[in-house]
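Q: Structure in structure tokens, see below.
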Amino acid sequence: MKLQRKIGLRATALGALAVSGALVLTACGSDDNAGGSTGGTGEKTSAASNIKCDGAKGKLLASGSSAQKNAMDVWVKNYMAACTGVEINYKSSSSGEGIVAFNQGTVGFAGSDSALKPEEVTESKTVCKGGQGINLPMVGGPIAIGYNVPGVDKLNLDAATIAKIFSGKIKTWNDPAIAALNAGVKLPSTAIQAFHRSEDSGTTQNLGKYLGATAKTDWPYEAEKKWPAPGGQAASGSSGVAAQVKQAEGAIGYFELSYATSQSIPTVNIATGAAAPVEATSENASKAIAAAKIKGTGNDLALGLDYTTKADGAYPIVLVTYEVVCDTGNKADTLGTVKSFLTYTASDEGQKVLTDAGYAPIPAEINAKVRTTVAGLK
Amino acid sequence: MASTTPIDAPPPTPAPPVTKRSGTSTGRAGDKVFLGLSRGSGILLLVIMASIAVFLTYRATLAISKDEGNFLTTFDWNPAGNPPVFGIAVLLFGTVVSSIIAMAIAVPIAVGIALFISHYAPRRLAAPIAYVVDLLAAVPSIIYGIWGALFLVPYMEGLNLWLDEFFGWTYIFEKTEVGVARSLFTVGVLLAIMILPIVTSVSREVFLQVPRMNEEAALAIGATRWEVIRLSVLPFGRSGVISASMLGLGRALGETMAVATVLSPSFLISGHLLNPGGGTFAQNIAAKFDEANELGRDALIASGLVLFILTLLVNGAARLIIARRKEYSGANA
């Protein structure tokens with residue numbers, strides 16, 4: 001009896017191991033959100049690579065924003081292919097965690113989807129001997145608003161309507177406010193199910209900044225990482241929100257563009273006041289980021305985005321993620337690698353891969369400043 | 001013993017009577033070392049537990065002292081806000097309600113399965129069923145979460161509409177908001193599936209321990225199989241089933257990833273269980289930890305401390321019930 005049970009348990013454990021192992025493996029496989037295009041790009045660029053590996057050596061740890069994960073994956077892969085013997089390990093967790101790790105001095109640089117706060121800069125001075133933490137805008141991207149309304153392939157919305165939908169003031173798809181922006185489209189009377197992120201997120205904060213800047217009366221909330229409005233439903237992660245929008249009829253939600261393209265979810269065109277409503281694409285996002293002003297001082301290149309832009313073809317709901325480094329006082333054993341790697345990511349070649357991964361390149365004028373700053377890191 | 005062979009026996013050693021006593025040292029080095037080691041291990045455990053408790057309480061106090069809302073009654077969780085405001089009311093409600101739903105569904109089914117395996121099923125069928133139930137326990141909870149979100153939630157919608165139509169008058173099954181079934185009720189169903197194996201396997205073990213004599217005695221006075229179960233198996237197994245349920249309840253209270261994946265959290269309390277919304281302690285910690293600042297982490301630790309106290313109370317209550325029932329059960333017969 002006893003013996004039999006033991007064998008039974010062992011078989012159970014083995015079976016469970018096999019099942020969960022298989023599941024874990026599949027999970028890893030499907031994680032690559034940017035699809036096949038990244039692989040192709042990777043091979044292309046590393047074949048004709050201009051990556052300079054001067055001074056790069058050993059192992060570089062980095063951590064932070066998951067919003068730039070897919071870009072980082074491609075960059076790290078290309079870079080490590082060109083510079084053999086150098087290992088870069090970007091742990092995609094969250095901006096908050098990345099900055100904490102940076103200020104504890106455990107990573108060479110951090111990824112963050114919002115610029116360092118004043119108190120975080122103060123804290124960074126203990127790690128950056130003689131300098132401080134600075135923000136380098138490296139990856140831009142559109143935040144797409146995806147929807148699931150059968151029979152509607154094209155949908156135009158403006159900021160006020162989006163604010164009313166997400167705060168629960170507009171409840172059905174055939175609401176006059178939506179109809180007014182979509183002449184000739186037959187809208188069903190389906191109830192609207194607005195989905196937001198259940199965890200704190202930089203994506204939520206950036207959408208909040210956009211709505212707060214363009215539709216103050218309908219969106220009186222502070223732009224925080226936490227979802228501020230009442231009502232609606234929540235799902236965890238951009239992938240969770242995208243999955244719900246895909247699944248539920250009448251749903252609408254926001255996520256990075258790559259989640260919409262990889263699951264073929266239709267996205268809303270934004271009526272900004274430009275000649276025509278603007279589609280969520282990488283190029284259109286770049287046009288909006290081009291209107292940004294640098295608000296950081298000295299070496300800090302934190303951006304102030306212009307959400308109210310009416311320029312033709314400028315998609316206003318954008319997210320810029322930064323790499324956070326020390327301007328002076330980087331650790332001697334990682335400085336070479338950080339400089340070399342960021343020189344690559346800010347190069348034309350590095351920025352070009354972003355479009356394929358569903359992101360937007362940083363506009364040339366700002367990017368030029370990033371390159372100068374990277375070259376001057378000490 | 002030695003007295004029968006007085007000539008070639010070696011001088012008797014005085015030690016034997018002492019070794020019989022358990023728990024005291026014989027004065028030999030090995031025993032002393034072992035006593036020291038085991039006592040040290042026991043004390044080490046207490047020290048670790050105490051230091052964890054002190055750390056948690058310290059961090060929790062830091063957070064609560066900065067909370068501008070009421071920690072117990074505020075319906076919000078925003079430690080990063082200005083001013084920081086957070087409260088556990090919604091989390092406490094969600095944790096308790098989803099666990100109650102899970103228990104209400106899982107315990108009767110688990111007892112049924114356990115009885116079937118131990119008393120009804122032919123041997124050839126009982127073994128594979130027991131095996132499959134045990135296998136359920138080995139599935140990681142995130143897998144339950146993904147399964148729940150992608151499979152269970154869409155299928156719960158039909159059930160929800162049915163419940164709303166026929167049991168809407170009960171208030172709790174009235175669905176007042178549109179939305180997919182990412183509700184506390186769905187979470188309860190998922191938790192029920194997750195705690196089923198532990199409740200089943202412990203109950204089965206207990207039912208198998210029922211003295212053969214009791215069952216045969218019942219059969220001898222002409223009881224049917226159901227009467228045997230009612231008269232001898234259930235009374236004997238009652239305290240065991242309660243302990244099994246408490247083990248399951250422990251898992252339901254603390255379940256994190258599955259709840260975080262399936263639930264659509266919100267900081268509102270609603271008695272309409274089919275509406276999306278609500279939250280649990282563990283789910284909230286998983287969702288908020290990543291982006292939390294220093295105060296946010298302390299606040300989450302404080303909420304975790306409340307969950308710990310809740311679990312302690314539940315387990316304490318269970319022990320009381322078991323202790324009281326024990327004398328009436330068949331165990332002492």
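Quick note on naming: the chains in the structure tokens go A, B, ... in the order shown, residues restart at 1 in each chain, and ligands are numbered from 1 in order of appearance.
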Compute the set of chain B residues within 8 Å of chain A, using only C-alpha atoms, and express it as a PyMOL selection string.
A: chain B and resi 78+81+131+134-135+138-140+178-180+260-266+276-277+287-288+290-293
Q: Please list as a VMD selection string every residue within 12 Å of Val206 in chain B, counting only C-alpha atoms and excluding residues in the same chain fewer than 2 positions away.
A: chain B and resid 111 114 to 115 117 to 119 199 to 204 208 to 211 233 to 244 330 to 331
Q: DSSP on the backbone, helix (DSSP H, G or I) only: what residues of range 148-291 of chain B does that give? Format it as a ChimeraX atom specification.
A: /B:148-170,184-208,212-220,225-254,257-262,281-289
Q: Just C-alpha atoms for this one: save the residues we selected as a CSV table (one decimal), in the first residue's frame.
A:
```
chain,number,residue,atom,x,y,z
B,148,GLY,CA,-10.0,30.5,-16.7
B,149,ALA,CA,-9.6,33.7,-18.7
B,150,LEU,CA,-9.7,32.1,-22.1
B,151,PHE,CA,-12.1,29.2,-21.6
B,152,LEU,CA,-14.1,29.5,-18.4
B,153,VAL,CA,-15.0,33.2,-18.7
B,154,PRO,CA,-16.7,32.9,-22.1
B,155,TYR,CA,-18.6,29.8,-21.0
B,156,MET,CA,-19.7,31.4,-17.7
B,157,GLU,CA,-21.6,34.0,-19.6
B,158,GLY,CA,-24.4,31.6,-20.5
B,159,LEU,CA,-24.7,30.5,-16.9
B,160,ASN,CA,-24.7,34.1,-15.7
B,161,LEU,CA,-27.6,35.0,-18.0
B,162,TRP,CA,-29.5,31.9,-16.8
B,163,LEU,CA,-28.8,32.8,-13.2
B,164,ASP,CA,-29.8,36.4,-13.8
B,165,GLU,CA,-33.1,35.3,-15.4
B,166,PHE,CA,-34.3,32.8,-12.9
B,167,PHE,CA,-32.5,33.8,-9.7
B,168,GLY,CA,-32.2,37.6,-10.3
B,169,TRP,CA,-34.7,38.1,-7.4
B,170,THR,CA,-32.1,36.9,-4.9
B,184,LEU,CA,-16.2,37.3,-8.1
B,185,PHE,CA,-18.6,34.5,-8.9
B,186,THR,CA,-16.4,33.2,-11.8
B,187,VAL,CA,-13.4,33.6,-9.5
B,188,GLY,CA,-15.3,31.5,-6.9
B,189,VAL,CA,-16.0,28.8,-9.4
B,190,LEU,CA,-12.3,28.7,-10.5
B,191,LEU,CA,-11.1,28.6,-6.9
B,192,ALA,CA,-13.6,25.7,-6.3
B,193,ILE,CA,-11.9,23.7,-9.1
B,194,MET,CA,-8.5,24.6,-7.7
B,195,ILE,CA,-9.2,23.5,-4.1
B,196,LEU,CA,-11.1,20.4,-5.2
B,197,PRO,CA,-8.1,18.0,-5.2
B,198,ILE,CA,-6.8,18.8,-1.7
B,199,VAL,CA,-10.3,18.5,-0.1
B,200,THR,CA,-11.0,15.4,-2.0
B,201,SER,CA,-7.8,13.5,-1.3
B,202,VAL,CA,-7.7,14.3,2.4
B,203,SER,CA,-11.4,13.4,2.7
B,204,ARG,CA,-10.8,10.1,0.9
B,205,GLU,CA,-7.9,9.2,3.2
B,206,VAL,CA,-10.2,9.9,6.2
B,207,PHE,CA,-13.1,7.9,4.8
B,208,LEU,CA,-10.7,5.0,4.2
B,212,ARG,CA,-14.2,-1.8,9.3
B,213,MET,CA,-16.0,-2.9,12.5
B,214,ASN,CA,-18.3,0.1,12.4
B,215,GLU,CA,-19.3,-0.4,8.9
B,216,GLU,CA,-19.8,-4.1,9.3
B,217,ALA,CA,-21.9,-3.5,12.4
B,218,ALA,CA,-24.1,-1.2,10.5
B,219,LEU,CA,-24.4,-3.7,7.7
B,220,ALA,CA,-25.3,-6.4,10.2
B,225,ARG,CA,-25.0,1.3,1.8
B,226,TRP,CA,-26.2,4.9,2.1
B,227,GLU,CA,-27.2,4.3,5.7
B,228,VAL,CA,-23.8,2.8,6.4
B,229,ILE,CA,-22.2,6.0,5.1
B,230,ARG,CA,-24.6,8.2,7.0
B,231,LEU,CA,-24.3,6.2,10.3
B,232,SER,CA,-20.7,5.4,10.4
B,233,VAL,CA,-18.6,7.0,7.6
B,234,LEU,CA,-19.8,10.6,7.8
B,235,PRO,CA,-19.8,11.0,11.6
B,236,PHE,CA,-16.3,9.4,11.8
B,237,GLY,CA,-15.0,11.5,8.9
B,238,ARG,CA,-16.6,14.8,9.9
B,239,SER,CA,-13.6,16.4,11.7
B,240,GLY,CA,-11.3,15.1,8.9
B,241,VAL,CA,-13.5,16.7,6.2
B,242,ILE,CA,-13.5,20.0,8.2
B,243,SER,CA,-9.7,20.0,8.3
B,244,ALA,CA,-9.6,19.2,4.6
B,245,SER,CA,-11.9,22.1,3.9
B,246,MET,CA,-9.7,24.4,5.9
B,247,LEU,CA,-6.7,23.4,3.9
B,248,GLY,CA,-8.7,24.2,0.8
B,249,LEU,CA,-9.9,27.4,2.2
B,250,GLY,CA,-6.3,28.4,3.0
B,251,ARG,CA,-5.5,27.9,-0.7
B,252,ALA,CA,-8.6,29.8,-1.8
B,253,LEU,CA,-7.8,32.8,0.5
B,254,GLY,CA,-4.2,33.1,-0.7
B,257,MET,CA,-2.2,34.5,-10.1
B,258,ALA,CA,-5.4,32.7,-11.1
B,259,VAL,CA,-7.5,35.4,-9.6
B,260,ALA,CA,-5.4,38.2,-11.0
B,261,THR,CA,-5.8,36.7,-14.5
B,262,VAL,CA,-9.5,36.1,-14.3
B,281,PHE,CA,-5.7,40.7,-1.1
B,282,ALA,CA,-3.4,38.4,-3.1
B,283,GLN,CA,-4.6,39.6,-6.5
B,284,ASN,CA,-4.1,43.2,-5.4
B,285,ILE,CA,-0.6,42.5,-4.3
B,286,ALA,CA,0.3,40.8,-7.5
B,287,ALA,CA,-1.2,43.6,-9.6
B,288,LYS,CA,0.2,46.6,-7.7
B,289,PHE,CA,3.6,45.4,-6.6
```
Q: Enter the distance from CA of Ala180 in chain A to CA of Ala160 in chain A, in Å, rounded to one decimal.
A: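 Rounded to one decimal, the two atoms are 12.6 Å apart.
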